[in-house]
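*Asks:* Pasting start18.pdb below, which is PDB, C-alpha atoms.
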ATOM      1  CA  MET A 123       0.000   0.000   0.000
ATOM      2  CA  ARG A 124       2.804   2.298   0.665
ATOM      3  CA  HIS A 125       3.936   1.894  -2.833
ATOM      4  CA  ALA A 126       0.521   2.800  -4.183
ATOM      5  CA  THR A 127       0.313   5.892  -2.001
ATOM      6  CA  SER A 128       3.713   7.197  -2.990
ATOM      7  CA  SER A 129       3.058   6.481  -6.632
ATOM      8  CA  SER A 130      -0.220   8.383  -6.447
ATOM      9  CA  ARG A 131       1.554  11.341  -4.843
ATOM     10  CA  VAL A 132       4.079  11.686  -7.664
ATOM     11  CA  PRO A 133       1.543  12.842 -10.275
ATOM     12  CA  ALA A 134       0.010  15.231  -7.736
ATOM     13  CA  VAL A 135       3.393  16.726  -6.841
ATOM     14  CA  LEU A 136       4.349  16.856 -10.487
ATOM     15  CA  ALA A 137       1.092  18.664 -11.294
ATOM     16  CA  VAL A 138       1.733  21.222  -8.517
ATOM     17  CA  VAL A 139       5.287  21.847  -9.774
ATOM     18  CA  VAL A 140       4.136  22.235 -13.371
ATOM     19  CA  LEU A 141       1.338  24.609 -12.370
ATOM     20  CA  SER A 142       3.648  26.685 -10.200
ATOM     21  CA  LEU A 143       6.256  26.944 -12.950
ATOM     22  CA  SER A 144       3.667  27.759 -15.569
ATOM     23  CA  GLY A 145       2.127  30.332 -13.219
ATOM     24  CA  THR A 146       5.512  32.047 -12.817
ATOM     25  CA  ALA A 147       6.129  31.976 -16.538
ATOM     26  CA  PHE A 148       2.618  33.267 -17.132
ATOM     27  CA  ALA A 149       3.150  36.081 -14.635
ATOM     28  CA  GLN A 150       6.398  37.090 -16.322
ATOM     29  CA  SER A 151       5.012  37.040 -19.841
ATOM     30  CA  ARG A 152       1.744  38.688 -18.884
ATOM     31  CA  PRO A 153       1.390  42.072 -20.645
ATOM     32  CA  ASP A 154       0.677  45.253 -18.709
ATOM     33  CA  THR A 155      -2.899  45.266 -19.991
ATOM     34  CA  GLU A 156      -3.802  42.634 -17.427
ATOM     35  CA  ASN A 157      -2.690  44.689 -14.428
ATOM     36  CA  GLY A 158      -4.404  47.877 -15.643
ATOM     37  CA  ARG A 159      -1.521  49.917 -17.101
ATOM     38  CA  TYR A 160      -2.746  49.890 -20.710
ATOM     39  CA  ALA A 161      -6.178  49.790 -22.270
ATOM     40  CA  LEU A 162      -6.206  48.414 -25.797
ATOM     41  CA  SER A 163      -8.753  48.909 -28.536
ATOM     42  CA  THR A 164      -8.534  47.350 -31.968
ATOM     43  CA  THR A 165      -8.748  49.522 -35.070
ATOM     44  CA  THR A 166      -8.652  48.752 -38.776
ATOM     45  CA  ASP A 167      -4.920  49.538 -38.939
ATOM     46  CA  GLY A 168      -3.827  47.887 -35.697
ATOM     47  CA  VAL A 169      -4.324  48.682 -32.038
ATOM     48  CA  LEU A 170      -4.948  51.903 -30.152
ATOM     49  CA  ARG A 171      -3.163  51.851 -26.779
ATOM     50  CA  LEU A 172      -3.998  54.123 -23.827
ATOM     51  CA  ASP A 173      -1.474  54.369 -20.998
ATOM     52  CA  THR A 174      -3.731  54.760 -17.963
ATOM     53  CA  ARG A 175      -0.875  56.113 -15.815
ATOM     54  CA  THR A 176       0.311  58.907 -18.117
ATOM     55  CA  GLY A 177      -2.687  59.368 -20.404
ATOM     56  CA  THR A 178      -0.557  58.911 -23.522
ATOM     57  CA  VAL A 179      -2.375  57.459 -26.527
ATOM     58  CA  SER A 180      -0.384  55.439 -29.084
ATOM     59  CA  THR A 181      -1.194  53.658 -32.314
ATOM     60  CA  CYS A 182       0.435  50.246 -32.675
ATOM     61  CA  ASN A 183       0.881  48.549 -36.062
ATOM     62  CA  ASN A 184       2.405  45.241 -37.108
ATOM     63  CA  ASN A 185       4.862  46.056 -39.880
ATOM     64  CA  SER A 186       5.899  43.039 -41.908
ATOM     65  CA  GLY A 187       9.647  43.747 -41.727
ATOM     66  CA  THR A 188      10.088  45.218 -38.260
ATOM     67  CA  GLY A 189       7.257  43.723 -36.219
ATOM     68  CA  TRP A 190       5.017  45.640 -33.847
ATOM     69  CA  ALA A 191       5.758  49.335 -33.345
ATOM     70  CA  CYS A 192       3.828  51.924 -31.339
ATOM     71  CA  TYR A 193       3.855  55.650 -32.047
ATOM     72  CA  ALA A 194       2.457  58.310 -29.732
ATOM     73  CA  VAL A 195      -0.560  60.186 -31.072
ATOM     74  CA  PRO A 196      -0.094  63.972 -30.942
ATOM     75  CA  ASP A 197      -1.915  65.331 -27.917
ATOM     76  CA  GLU A 198      -4.108  68.293 -28.850
ATOM     77  CA  ARG A 199      -4.608  69.175 -25.192
ATOM     78  CA  ALA A 200      -0.858  69.580 -24.669
ATOM     79  CA  ALA A 201      -0.651  71.770 -27.779
ATOM     80  CA  MET A 202      -3.559  73.924 -26.583
ATOM     81  CA  ASP A 203      -2.048  74.235 -23.097
ATOM     82  CA  ALA A 204       1.265  75.307 -24.639
ATOM     83  CA  GLU A 205      -0.505  77.915 -26.807
ATOM     84  CA  ILE A 206      -2.479  79.222 -23.812
ATOM     85  CA  GLY A 207       0.772  79.550 -21.852
ATOM     86  CA  ARG A 208       2.430  81.400 -24.739
ATOM     87  CA  LEU A 209      -0.513  83.790 -25.078
ATOM     88  CA  GLN A 210      -0.606  84.466 -21.331
ATOM     89  CA  ALA A 211       3.110  85.293 -21.349
ATOM     90  CA  GLU A 212       2.644  87.569 -24.375
ATOM     91  CA  ASN A 213      -0.314  89.251 -22.662
ATOM     92  CA  GLU A 214       1.785  89.959 -19.553
ATOM     93  CA  THR A 215       4.589  91.383 -21.718
ATOM     94  CA  LEU A 216       2.176  93.650 -23.573
ATOM     95  CA  LYS A 217       0.627  94.838 -20.302
ATOM     96  CA  ALA A 218       4.092  95.714 -18.974
ATOM     97  CA  GLU A 219       4.944  97.628 -22.172
ATOM     98  CA  LEU A 220       1.645  99.498 -22.006
ATOM     99  CA  ALA A 221       2.264 100.437 -18.380
ATOM    100  CA  GLN A 222       5.708 101.796 -19.318
ATOM    101  CA  ARG A 223       4.212 103.873 -22.136
ATOM    102  CA  ASP A 224       1.549 105.265 -19.826
ATOM    103  CA  GLN A 225       4.203 106.367 -17.356
ATOM    104  CA  ALA A 226       6.371 107.857 -20.095
ATOM    105  CA  ALA A 227       3.547 109.884 -21.649
ATOM    106  CA  THR A 228       3.728 113.520 -20.604
ATOM    107  CA  GLY A 229       0.870 115.966 -20.597
ATOM    108  CA  LYS A 230      -1.681 113.234 -20.446
ATOM    109  CA  THR A 231      -4.962 114.140 -18.830
ATOM    110  CA  ASP A 232      -7.473 111.852 -17.218
ATOM    111  CA  GLU A 233     -10.377 113.810 -18.692
ATOM    112  CA  ALA A 234     -12.166 112.210 -21.613
ATOM    113  CA  LEU A 235     -12.735 114.227 -24.764
ATOM    114  CA  PRO A 236     -16.345 115.274 -25.335
ATOM    115  CA  LYS A 237     -18.080 112.970 -27.749
ATOM    116  CA  SER A 238     -20.068 114.664 -30.473
ATOM    117  CA  ASP A 239     -21.604 113.244 -33.596
ATOM    118  CA  SER A 240     -21.757 115.743 -36.440
ATOM    119  CA  LEU A 241     -24.392 113.649 -38.254
ATOM    120  CA  LYS A 242     -26.660 113.392 -35.250
ATOM    121  CA  LYS A 243     -29.825 115.462 -35.478
ATOM    122  CA  SER A 244     -30.153 118.170 -32.879
ATOM    123  CA  GLU A 245     -32.521 117.473 -30.045
ATOM    124  CA  PRO A 246     -35.639 119.631 -29.760
ATOM    125  CA  LYS A 247     -34.864 122.594 -27.548
ATOM    126  CA  VAL A 248     -36.957 123.464 -24.569
ATOM    127  CA  ALA A 249     -37.769 127.162 -24.271
ATOM    128  CA  GLU A 250     -37.046 129.098 -21.106
ATOM    129  CA  GLY A 251     -40.510 128.443 -19.671
ATOM    130  CA  GLY A 252     -40.052 124.693 -19.923
ATOM    131  CA  ARG A 253     -43.435 124.180 -21.589
ATOM    132  CA  ARG A 254     -42.723 125.024 -25.196
ATOM    133  CA  ILE A 255     -40.659 122.750 -27.428
ATOM    134  CA  GLU A 256     -38.914 124.194 -30.457
ATOM    135  CA  ILE A 257     -38.766 121.845 -33.430
ATOM    136  CA  PRO A 258     -36.257 122.711 -36.155
ATOM    137  CA  LEU A 259     -37.938 123.304 -39.543
ATOM    138  CA  PRO A 260     -36.654 121.717 -42.760
ATOM    139  CA  SER A 261     -34.226 123.767 -44.804
ATOM    140  CA  ASP A 262     -35.031 125.227 -48.233
ATOM    141  CA  GLN A 263     -32.923 122.498 -49.817
ATOM    142  CA  ASP A 264     -34.992 119.798 -48.057
ATOM    143  CA  MET A 265     -38.218 121.473 -49.230
ATOM    144  CA  ASP A 266     -36.948 121.669 -52.844
ATOM    145  CA  ARG A 267     -36.135 117.954 -52.825
ATOM    146  CA  VAL A 268     -39.604 117.043 -51.521
ATOM    147  CA  MET A 269     -41.328 119.281 -54.080
ATOM    148  CA  SER A 270     -39.242 117.815 -56.920
ATOM    149  CA  PHE A 271     -40.180 114.288 -55.842
ATOM    150  CA  LEU A 272     -43.876 115.136 -55.645
ATOM    151  CA  GLU A 273     -43.829 116.799 -59.084
ATOM    152  CA  ARG A 274     -42.201 113.746 -60.691
ATOM    153  CA  ALA A 275     -44.635 111.389 -58.971
ATOM    154  CA  TRP A 276     -47.636 113.511 -60.110
ATOM    155  CA  ARG A 277     -46.407 113.607 -63.734
ATOM    156  CA  ARG A 278     -45.897 109.846 -63.816
ATOM    157  CA  LEU A 279     -49.378 109.306 -62.355
ATOM    158  CA  VAL A 280     -50.941 111.562 -64.987
ATOM    159  CA  GLU A 281     -48.987 109.805 -67.773
ATOM    160  CA  MET A 282     -50.200 106.402 -66.524
ATOM    161  CA  ALA A 283     -53.812 107.612 -66.456
ATOM    162  CA  ASN A 284     -53.513 108.940 -70.039
ATOM    163  CA  ARG A 285     -52.068 105.618 -71.253
ATOM    164  CA  VAL A 286     -54.832 103.637 -69.581
ATOM    165  CA  GLN A 287     -57.459 105.955 -71.114
ATOM    166  CA  ARG A 288     -55.935 105.598 -74.608
ATOM    167  CA  ASP A 289     -55.731 101.805 -74.247
ATOM    168  CA  THR A 290     -59.338 101.444 -73.108
ATOM    169  CA  SER A 291     -60.780 103.900 -75.639
ATOM    170  CA  GLY A 292     -59.133 102.098 -78.568
ATOM    171  CA  LYS A 293     -60.519  98.710 -77.508
ATOM    172  CA  ILE A 294     -64.112  99.731 -77.014
TER
END
Now that the file is in, can you turn its structure into structure tokens?

*Replies:*
Amino acid sequence: MRHATSSSRVPAVLAVVVLSLSGTAFAQSRPDTENGRYALSTTTDGVLRLDTRTGTVSTCNNNSGTGWACYAVPDERAAMDAEIGRLQAENETLKAELAQRDQAATGKTDEALPKSDSLKKSEPKVAEGGRRIEIPLPSDQDMDRVMSFLERAWRRLVEMANRVQRDTSGKI
């Protein structure tokens, strides 16, 4: 019986040794995707790889001559952050230059110039009593333009009436 027990232990021990060795080999060859470092997504050209620790995105392709190669995808966020930083620095420089010019300017006053619009119509003036409002009358030039327009409109209306009368009298 002893012989049978020891012979039945050998396959069990051998199985444990094989499993432990294969487990070690499996742990060593296991890619970082299994412990959460990378997230992979297949694409038509290869694989898209996200490094969950750094946030870097790479495209991986299997080239026939060289094998698998991964290339980092340009990060638009990093480019925008760099541009924002550049613009902020430029803004600070321009503010400093403007402050120097303001200090160097002599004879500058803090009073604003009066704003007047030469095309703006004058407001109706209130007489000294406060109850009468003076309204500016149209100029002679404005009156001539209105009269010329009315004369042309009247002539055209009369011409239209004459044409209609001629057309209807010839058809009757």

*Asks:* Please identify all polymer residues within 12 Å of range 173-188 of chain A, counting all atoms listed in the file, omitting same-chain residues fewer than 2 positions from it, and present them as a VMD selection string.

*Replies:* chain A and resid 154 to 155 157 to 171 190 to 200

*Asks:* What is the distance, in Å and to one decimal place, between CA of Asp203 in chain A and CA of Gln222 in chain A?

*Replies:*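 Interatomic distance here is 28.9 Å.
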
*Asks:* When you draw a straight line from CA of Pro260 in chain A to CA of Leu272 in chain A, how long is it in Å?

*Replies:*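 It comes out at 16.2 Å.
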
*Asks:* Figure out the distance between CA of Ala201 in chain A and CA of Glu214 in chain A, please, to one decimal in Å.

*Replies:*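 One can read the CA of Glu214 in chain A to CA of Ala201 in chain A distance as 20.1 Å.
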
*Asks:* Put the listed atoms of range 199-203 of chain A in a box along x, y and z with 8 Å added on every side and give me the centre and edge lengths in Å to one decimal, as AutoDock Vina command-line options.

*Replies:*
--center_x -2.6 --center_y 71.7 --center_z -25.4 --size_x 20.0 --size_y 21.1 --size_z 20.7
